[in-house]
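What's in start_22.txt: compact mmCIF, C-alpha atoms
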# COMPACT_ATOMS: atom_id res chain seq x y z
CA MET K 1 10.76 9.60 -22.96
CA PHE K 2 10.81 12.85 -24.90
CA GLY K 3 9.37 14.01 -28.23
CA THR K 4 10.84 12.92 -31.53
CA ASP K 5 11.71 16.51 -32.44
CA ALA K 6 15.18 17.12 -30.97
CA GLY K 7 14.31 20.77 -30.40
CA ASP K 8 11.08 19.98 -28.53
CA PRO K 9 11.74 19.42 -24.81
CA ARG K 10 8.11 18.69 -24.00
CA PRO K 11 7.45 15.17 -22.70
CA VAL K 12 5.17 12.86 -24.62
CA ILE K 13 1.84 12.72 -22.81
CA GLN K 14 0.26 9.32 -22.36
CA ARG K 15 -3.48 9.88 -22.42
CA ASN K 16 -5.48 7.56 -20.18
CA SER K 17 -9.22 7.27 -20.39
CA LEU K 18 -11.40 8.90 -17.75
CA ARG K 19 -12.23 5.42 -16.53
CA GLU K 20 -8.55 4.65 -15.88
CA GLN K 21 -7.86 8.04 -14.32
CA ILE K 22 -10.75 7.73 -11.86
CA ALA K 23 -9.80 4.15 -10.98
CA GLY K 24 -6.18 5.21 -10.43
CA ALA K 25 -7.18 8.15 -8.23
CA LEU K 26 -9.51 6.02 -6.09
CA ARG K 27 -6.88 3.29 -5.81
CA GLU K 28 -4.32 5.70 -4.35
CA GLU K 29 -6.97 7.20 -2.04
CA MET K 30 -7.55 3.73 -0.60
CA MET K 31 -3.84 2.90 -0.43
CA ALA K 32 -3.19 6.05 1.60
CA GLY K 33 -6.16 5.42 3.88
CA ARG K 34 -8.01 8.55 2.86
CA LEU K 35 -10.85 6.26 1.75
CA ALA K 36 -10.92 4.08 4.84
CA ALA K 37 -12.27 0.54 5.19
CA GLY K 38 -16.04 0.53 5.44
CA ARG K 39 -16.50 3.75 3.48
CA ASN K 40 -19.53 3.46 1.19
CA PHE K 41 -20.31 5.59 -1.86
CA THR K 42 -22.45 5.55 -4.99
CA VAL K 43 -21.69 6.07 -8.67
CA LYS K 44 -23.41 9.46 -8.49
CA GLU K 45 -21.19 10.62 -5.62
CA ILE K 46 -18.00 9.64 -7.45
CA ALA K 47 -19.18 11.22 -10.70
CA GLU K 48 -19.92 14.50 -8.89
CA LEU K 49 -16.63 14.36 -6.97
CA TYR K 50 -14.54 14.13 -10.16
CA GLY K 51 -16.86 16.20 -12.34
CA VAL K 52 -17.55 13.48 -14.88
CA SER K 53 -20.60 11.66 -16.20
CA ALA K 54 -21.90 8.53 -14.53
CA THR K 55 -20.58 6.16 -17.21
CA PRO K 56 -16.78 6.47 -16.61
CA ALA K 57 -17.38 6.63 -12.85
CA ARG K 58 -19.39 3.41 -12.93
CA GLU K 59 -16.82 1.69 -15.16
CA ALA K 60 -13.99 2.66 -12.79
CA LEU K 61 -15.87 1.36 -9.76
CA VAL K 62 -16.74 -1.90 -11.52
CA ASP K 63 -13.08 -2.34 -12.50
CA LEU K 64 -11.91 -1.87 -8.89
CA SER K 65 -14.62 -4.22 -7.68
CA ALA K 66 -13.50 -6.91 -10.13
CA GLN K 67 -9.97 -6.55 -8.74
CA GLY K 68 -11.21 -7.13 -5.19
CA LEU K 69 -10.36 -3.56 -4.15
CA LEU K 70 -14.03 -2.56 -3.72
CA ARG K 71 -17.08 -4.54 -2.68
CA ALA K 72 -20.25 -4.03 -4.73
CA GLU K 73 -23.45 -4.08 -2.66
CA HIS K 74 -26.87 -4.33 -4.25
CA HIS K 75 -28.75 -1.01 -3.98
CA ARG K 76 -26.02 0.37 -1.70
CA GLY K 77 -23.25 1.24 -4.12
CA PHE K 78 -19.63 0.28 -3.37
CA THR K 79 -17.79 -0.23 -0.09
CA VAL K 80 -14.06 -0.20 0.69
CA PRO K 81 -13.19 -3.67 2.09
CA GLU K 82 -11.26 -4.18 5.29
CA PHE K 83 -8.10 -6.26 5.06
CA GLY K 84 -7.17 -7.93 8.34
CA TRP K 85 -3.94 -9.50 9.56
CA ASP K 86 -4.78 -12.88 8.02
CA ASP K 87 -5.35 -11.19 4.65
CA PHE K 88 -2.04 -9.34 4.93
CA ARG K 89 -0.23 -12.52 5.96
CA GLU K 90 -1.51 -14.33 2.85
CA ILE K 91 -0.57 -11.36 0.65
CA PHE K 92 2.89 -11.10 2.20
CA GLU K 93 3.61 -14.82 1.97
CA THR K 94 2.53 -14.85 -1.68
CA ARG K 95 4.85 -11.95 -2.52
CA VAL K 96 7.77 -13.65 -0.80
CA LEU K 97 7.17 -16.99 -2.55
CA ILE K 98 7.06 -15.37 -5.97
CA THR K 99 10.14 -13.24 -5.33
CA ASP K 100 12.11 -16.16 -3.90
CA SER K 101 11.21 -18.29 -6.92
CA TYR K 102 12.33 -15.53 -9.27
CA TYR K 103 15.72 -15.23 -7.58
CA ARG K 104 16.22 -18.98 -7.61
CA ARG K 105 15.81 -18.88 -11.38
CA LEU K 106 17.93 -15.75 -11.70
CA ALA K 107 20.80 -17.41 -9.84
CA THR K 108 21.07 -20.06 -12.55
CA ASP K 109 19.98 -18.01 -15.56
CA PRO K 110 20.72 -14.27 -15.10
CA GLY K 111 19.52 -13.35 -18.58
CA ARG K 112 19.94 -9.87 -20.02
CA GLN K 113 19.33 -6.65 -18.11
CA ASP K 114 17.26 -3.89 -19.68
CA GLY K 115 19.59 -0.94 -19.17
CA SER K 116 17.02 1.50 -20.51
CA ARG K 117 14.97 1.06 -17.33
CA LEU K 118 17.77 1.77 -14.86
CA THR K 119 17.61 5.58 -15.15
CA SER K 120 13.89 5.55 -14.44
CA LEU K 121 14.39 3.02 -11.66
CA ARG K 122 16.96 5.22 -9.91
CA ARG K 123 14.69 8.25 -10.20
CA ARG K 124 11.78 6.33 -8.71
CA ALA K 125 14.02 4.99 -5.94
CA ASP K 126 15.22 8.45 -4.98
CA ALA K 127 11.65 9.78 -4.81
CA ALA K 128 10.44 6.80 -2.76
CA ALA K 129 13.35 7.01 -0.30
CA ARG K 130 12.88 10.75 0.23
CA ALA K 131 9.14 10.31 0.79
CA ALA K 132 9.79 7.54 3.34
CA ARG K 133 12.34 9.64 5.25
CA ALA K 134 9.97 12.63 5.23
CA GLY K 135 7.12 10.48 6.55
CA ASN K 136 4.57 11.87 4.08
CA LEU K 137 2.17 8.95 3.66
CA ASP K 138 0.11 10.57 0.91
CA VAL K 139 3.23 10.94 -1.26
CA MET K 140 4.86 7.73 -0.05
CA VAL K 141 2.23 5.31 -1.32
CA GLY K 142 2.44 6.56 -4.90
CA CYS K 143 6.24 6.77 -4.97
CA ASP K 144 6.67 3.35 -3.40
CA ARG K 145 4.21 1.68 -5.77
CA ARG K 146 5.81 3.20 -8.86
CA PHE K 147 9.27 2.13 -7.69
CA TRP K 148 8.22 -1.49 -7.25
CA GLN K 149 6.40 -1.40 -10.58
CA GLU K 150 9.75 -0.52 -12.17
CA VAL K 151 11.45 -3.34 -10.28
CA GLY K 152 8.72 -5.74 -11.39
CA GLY K 153 9.25 -4.65 -14.99
CA LEU K 154 12.83 -5.92 -14.79
CA MET K 155 11.53 -9.45 -14.26
CA GLY K 156 10.56 -9.64 -17.92
CA ASN K 157 7.21 -11.23 -17.06
CA ARG K 158 4.31 -8.80 -17.28
CA ARG K 159 1.79 -11.14 -15.64
CA ILE K 160 3.92 -11.66 -12.56
CA ALA K 161 4.68 -7.93 -12.35
CA ASP K 162 0.97 -7.07 -12.55
CA TYR K 163 0.08 -9.67 -9.93
CA LEU K 164 2.74 -8.36 -7.53
CA ASP K 165 1.44 -4.83 -8.06
CA TRP K 166 -2.10 -5.97 -7.24
CA LEU K 167 -0.83 -7.54 -4.02
CA ARG K 168 1.11 -4.39 -3.11
CA VAL K 169 -2.00 -2.22 -3.43
CA GLN K 170 -3.78 -4.46 -0.94
CA SER K 171 -0.76 -4.40 1.39
CA TRP K 172 -0.95 -0.61 1.51
CA MET K 173 -4.71 -0.74 2.11
CA PHE K 174 -4.02 -2.90 5.17
CA ALA K 175 -1.08 -0.83 6.41
CA ALA K 176 -2.52 2.65 5.85
CA ARG K 177 -4.80 2.74 8.89
CA PHE K 178 -1.95 1.80 11.22
CA LEU K 179 0.52 4.21 9.64
CA ARG K 180 -2.02 7.06 9.73
CA SER K 181 -2.40 6.57 13.48
CA THR K 182 1.37 6.76 14.01
CA PRO K 183 2.18 10.25 15.37
CA GLN K 184 5.51 10.59 13.57
CA LEU K 185 6.23 8.63 10.38
CA ALA K 186 9.55 10.27 9.49
CA GLY K 187 12.22 7.57 9.55
CA VAL K 188 9.75 4.81 10.46
CA CYS K 189 9.30 3.21 7.03
CA TRP K 190 11.92 1.41 4.95
CA ASP K 191 14.07 3.72 2.80
CA GLY K 192 16.64 1.37 1.25
CA HIS K 193 15.36 1.75 -2.31
CA LEU K 194 18.67 3.13 -3.61
CA ASP K 195 20.60 0.21 -2.08
CA LEU K 196 18.53 -2.14 -4.19
CA VAL K 197 19.10 -0.06 -7.32
CA GLU K 198 22.87 -0.15 -6.78
CA ALA K 199 22.78 -3.94 -6.45
CA ILE K 200 20.69 -4.24 -9.61
CA GLU K 201 22.99 -1.91 -11.55
CA ALA K 202 25.99 -3.99 -10.44
CA ARG K 203 24.15 -7.18 -11.50
CA ASP K 204 24.85 -8.50 -8.01
CA VAL K 205 22.08 -11.09 -7.66
CA PRO K 206 22.87 -12.25 -4.08
CA ARG K 207 23.08 -8.67 -2.84
CA SER K 208 19.83 -7.56 -4.47
CA HIS K 209 18.07 -10.63 -3.09
CA ARG K 210 19.45 -9.85 0.37
CA VAL K 211 18.20 -6.25 0.20
CA ILE K 212 14.69 -7.40 -0.77
CA CYS K 213 14.71 -9.96 2.05
CA GLU K 214 15.73 -7.22 4.50
CA TYR K 215 12.93 -5.02 3.16
CA ASN K 216 10.37 -7.80 3.63
CA LEU K 217 11.60 -8.60 7.14
CA PHE K 218 11.46 -4.93 8.09
CA THR K 219 7.96 -4.54 6.67
CA VAL K 220 6.40 -7.60 8.29
CA GLY K 221 8.05 -6.82 11.62
CA LEU K 222 6.83 -3.22 11.60
CA LEU K 223 3.25 -4.08 10.64
CA ALA K 224 3.04 -6.97 13.11
CA GLU K 225 4.08 -4.56 15.86
CA LEU K 226 1.62 -1.85 14.77
CA ALA K 227 -1.24 -4.35 14.40
CA GLY K 228 -0.47 -6.08 17.70
CA GLU K 229 0.05 -9.45 15.99
CA SER K 230 2.73 -12.11 16.26
CA VAL K 231 5.21 -12.23 13.40
CA GLU K 232 5.67 -15.94 14.19
CA THR K 233 2.41 -16.67 12.35
CA VAL K 234 4.17 -15.80 9.06
CA LYS K 235 5.38 -19.13 7.68
CA VAL K 236 7.81 -17.79 5.08
CA LEU K 237 10.23 -16.13 7.50
CA PRO K 238 12.83 -18.90 6.92
CA LEU K 239 13.03 -17.94 3.24
CA LEU K 240 13.94 -14.39 4.25
CA THR K 241 16.55 -15.21 6.86
CA GLY K 242 18.50 -17.94 5.05
CA ARG K 243 17.73 -20.43 7.79
CA LEU K 244 14.84 -22.89 7.97
CA LEU K 245 13.11 -24.00 11.14
CA ALA K 246 12.91 -27.66 12.00
CA VAL K 247 9.87 -27.97 14.26
CA PRO K 248 7.49 -30.93 14.75
CA VAL K 249 4.23 -30.34 12.95
CA GLY K 250 1.60 -28.96 15.30
CA GLN K 251 4.10 -27.55 17.82
CA ASP K 252 5.22 -24.00 18.39
CA ALA K 253 8.66 -22.85 17.34
CA PRO K 254 11.22 -23.25 20.12
CA ALA K 255 12.23 -20.14 22.00
CA ALA K 256 15.56 -18.60 21.10
CA PRO K 257 18.42 -19.61 23.41
CA PRO K 258 19.33 -17.09 26.14
CA ASP K 259 22.52 -15.98 24.40
CA THR K 260 20.74 -15.17 21.11
CA PRO K 261 21.29 -11.48 20.27
CA GLU K 262 18.19 -9.33 20.39
CA ASP K 263 18.52 -8.38 16.72
CA ALA K 264 18.25 -12.04 15.71
CA ALA K 265 14.51 -12.09 16.45
CA PRO K 266 12.24 -12.70 13.47
CA GLY K 267 10.86 -9.57 11.87
CA LYS K 268 14.01 -7.46 12.07
CA ALA K 269 16.04 -6.72 9.00
CA GLY K 270 18.91 -9.14 8.46
CA ALA K 271 17.74 -11.36 11.31
CA GLY K 272 17.95 -15.14 11.48
CA THR K 273 15.33 -17.52 12.79
CA GLY K 274 15.65 -20.79 14.59
CA THR K 275 18.75 -22.65 15.68
CA ALA K 276 18.67 -25.62 13.33
CA ALA K 277 21.99 -26.76 11.92
CA THR K 278 22.53 -26.06 8.24
CA GLU K 279 24.21 -28.00 5.46
CA GLU K 280 26.86 -26.52 3.24
CA PRO K 281 24.93 -24.79 0.39
CA ARG K 282 25.58 -25.47 -3.24
CA PRO K 283 26.72 -22.52 -5.39
CA GLY K 284 23.91 -20.06 -5.96
CA GLU K 285 21.63 -21.54 -3.27
CA PRO K 286 20.92 -20.37 0.30
CA ALA K 287 22.04 -22.37 3.30
CA ARG K 288 19.86 -25.40 3.97
CA PRO K 289 19.13 -27.13 7.28
CA ALA K 290 20.44 -30.54 8.06
CA ASP K 291 17.90 -33.22 7.18
CA PRO K 292 15.71 -33.56 10.29
CA GLY K 293 15.39 -37.29 9.62
CA ARG K 294 19.16 -37.74 9.85
CA ALA K 295 19.41 -35.45 12.87
CA THR K 296 16.85 -37.21 15.03
CA GLY K 297 16.17 -40.52 13.26
CA GLY K 298 12.97 -42.55 13.10
CA ALA K 299 9.38 -41.34 12.94
CA ARG K 300 10.11 -38.32 15.12
CA GLY K 301 12.59 -37.01 12.59
CA ARG K 302 10.18 -37.52 9.73
CA GLU K 303 7.63 -35.35 11.52
CA ARG K 304 9.95 -32.37 11.38
CA GLU K 305 8.73 -31.17 8.00
CA LEU K 306 7.82 -27.57 8.69
CA GLY K 307 11.28 -26.26 7.96
CA ARG K 308 12.15 -28.21 4.82
CA GLU K 309 13.45 -26.11 2.00
CA LEU K 310 10.44 -24.84 0.06
CA GLY K 311 12.09 -24.74 -3.32
CA ARG K 312 13.07 -28.41 -3.08
CA GLU K 313 9.46 -29.32 -2.37
CA LEU K 314 7.56 -27.04 -4.76
CA GLY K 315 9.95 -26.04 -7.52
CA LEU K 316 8.86 -22.51 -8.35
CA GLY K 317 6.52 -22.43 -5.35
CA LEU K 318 3.67 -20.89 -7.36
CA GLY K 319 1.33 -23.65 -6.20
CA LEU K 320 0.84 -21.74 -2.94
CA VAL K 321 -0.33 -18.53 -4.60
CA PRO K 322 -3.97 -18.06 -3.48
CA GLN K 323 -6.65 -17.34 -6.05
CA PRO K 324 -7.88 -13.72 -6.16
CA ARG K 325 -10.88 -13.44 -3.89
CA SER K 326 -13.04 -12.08 -6.72
CA VAL K 327 -12.65 -15.27 -8.81
CA PRO K 328 -15.34 -17.91 -8.06
CA TYR K 329 -14.19 -21.41 -7.26
CA GLY K 330 -16.16 -22.89 -10.14
CA ARG K 331 -13.90 -21.34 -12.76
CA PHE K 332 -10.70 -23.01 -11.66
CA GLY K 333 -11.55 -25.97 -9.45
CA ARG K 334 -13.91 -27.80 -7.20
CA ARG K 335 -16.12 -25.84 -4.82
CA PRO K 336 -15.92 -26.88 -1.13
CA SER K 337 -19.48 -28.26 -1.43
CA ASP K 338 -18.67 -30.48 -4.43
CA PRO K 339 -18.23 -34.25 -3.82
CA PRO K 340 -14.68 -35.67 -4.01
CA PRO K 341 -13.53 -36.44 -7.57
CA ASP K 342 -13.96 -40.21 -7.03
CA GLN K 343 -17.58 -39.92 -5.85
CA LEU K 344 -20.90 -39.14 -7.45
CA PRO K 345 -23.49 -36.83 -5.80
CA GLY K 346 -24.97 -38.59 -2.79
CA GLY K 347 -21.69 -40.23 -1.80
CA ARG K 348 -21.92 -43.13 -4.27
CA PRO K 349 -18.52 -44.18 -5.66
CA ASP K 350 -17.84 -43.40 -9.30
CA PRO K 351 -16.89 -46.72 -10.96
CA HIS K 352 -15.03 -44.87 -13.70
CA ARG K 353 -12.78 -43.01 -11.24
CA SER K 354 -12.33 -45.57 -8.49
CA PRO K 355 -8.78 -46.28 -7.27
CA GLY K 356 -6.83 -48.41 -9.64
CA ARG K 357 -8.76 -47.41 -12.74
As a first step, turn the structure in this file into structure tokens.
Amino acid sequence: MFGTDAGDPRPVIQRNSLREQIAGALREEMMAGRLAAGRNFTVKEIAELYGVSATPAREALVDLSAQGLLRAEHHRGFTVPEFGWDDFREIFETRVLITDSYYRRLATDPGRQDGSRLTSLRRRADAAARAARAGNLDVMVGCDRRFWQEVGGLMGNRRIADYLDWLRVQSWMFAARFLRSTPQLAGVCWDGHLDLVEAIEARDVPRSHRVICEYNLFTVGLLAELAGESVETVKVLPLLTGRLLAVPVGQDAPAAPPDTPEDAAPGKAGAGTGTAATEEPRPGEPARPADPGRATGGARGRERELGRELGRELGLGLGLVPQPRSVPYGRFGRRPSDPPPDQLPGGRPDPHRSPGR
């Protein structure tokens, strides 16, 4: 956006407070892995590093701590937390559930597209794709985050966009240490940002959803390989591949048949998972598996619940979004130590909440 004076080419400067600038700088340092997990520092050290007083430095650190991006330690300052594979898996699954829910709604109610954002979106996409192809991690994290912030803005829901951005920061904090140890990053990371922009500009909902699914499959496959983890532990893969597994609860997924192409393994872009038969989809919906109960009959068929279509079970699916780790249980629900809702402390039944009342 440029100045109101037509003859003034200078851009309008958006002035952030010192608190926000310091928090933003530290956030990108952690996303790029330059402030690695376990790094500890004090308010005084940060104030001296950025040449500011202690007050904005402390406020920035407290803000990041409240977001779960730093851990405050009494008399020891602040420490960068370590996100493990289980943390990343939760973060990734949450992102996929929210995105899938959004596209389910978009398929039935496209709404209006904010054309004023498309120019900025394309510019961000070009920068992010070039950074990914160059393999410059320090530049990549900022470009990638700003691109997905623009994409999130198109959703028309600021709270969801902010939540997805918060999850993305943590994803980068997990990924950075593995990417920094990769000798050559050029061409390793996903660079299909412009493909997504073209689909959005064309208002092609199925295509844009497919590109995002390919991005997510690529990302989880790459990070599982770098972290030495199994991508099979990620339960939302069926939502990304268009096929849903039908596996008895408590059993491992069946191995792919011998004639399955190598590129059909989970974790690779555009791949499928499982071999379950699918029903003919309704317009605007992905392919669904045949009802396991009809396929096998009896109690055995009813056990095959793992692969049921998530949207049919949960509607928008937001019930699976985990609470931020910085929010205490007591604010939103029962603590694990609390008695069940139909009991009083000590295990005595509550006559006012007993079954049937």
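Separating CA of Asp144 in chain K from CA of Ser17 in chain K is a distance of 23.6 Å.
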- Message: Just checking: using all atoms listed in the file, which residue out of K:Arg158, K:Arg104, K:Arg89, K:Arg203 ends up closest to Val220 in chain K?
- Response: K:Arg89
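Across K:Leu167, K:Ala47, K:Leu154, K:Ala66, the tightest approach to Asp87 in chain K is made by K:Leu167 when counting all atoms listed in the file.
One finds CA of Pro81 in chain K at 14.9 Å from CA of Thr42 in chain K.
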Need the neighbours of (12.3, 11.2, 5.7): which residues are at most 9 Å away, counting only C-alpha atoms, as a compact mmCIF listing (two decimals) with C-alpha atoms, in the coordinates of the input?
# COMPACT_ATOMS: atom_id res chain seq x y z
CA ALA K 129 13.35 7.01 -0.30
CA ARG K 130 12.88 10.75 0.23
CA ALA K 131 9.14 10.31 0.79
CA ALA K 132 9.79 7.54 3.34
CA ARG K 133 12.34 9.64 5.25
CA ALA K 134 9.97 12.63 5.23
CA GLY K 135 7.12 10.48 6.55
CA ASN K 136 4.57 11.87 4.08
CA LEU K 185 6.23 8.63 10.38
CA ALA K 186 9.55 10.27 9.49
CA GLY K 187 12.22 7.57 9.55
CA VAL K 188 9.75 4.81 10.46
CA CYS K 189 9.30 3.21 7.03
CA ASP K 191 14.07 3.72 2.80
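Computed from the coordinates, the CA of Met30 in chain K to CA of Pro56 in chain K distance equals 18.7 Å.
Across K:Ala60, K:Ala23, K:Cys213, K:Met31, the tightest approach to Arg168 in chain K is made by K:Met31 when counting only C-alpha atoms.
Residue nearest Arg71 in chain K within the list K:Ser181, K:Asn40, K:Ser230, K:Thr219: K:Asn40 [criterion: smallest interatomic distance, all atoms listed in the file].
Nearest residue to Gly68 in chain K, choosing from K:Phe88, K:Tyr50, K:Phe147, K:Trp166 and counting only C-alpha atoms: K:Trp166.
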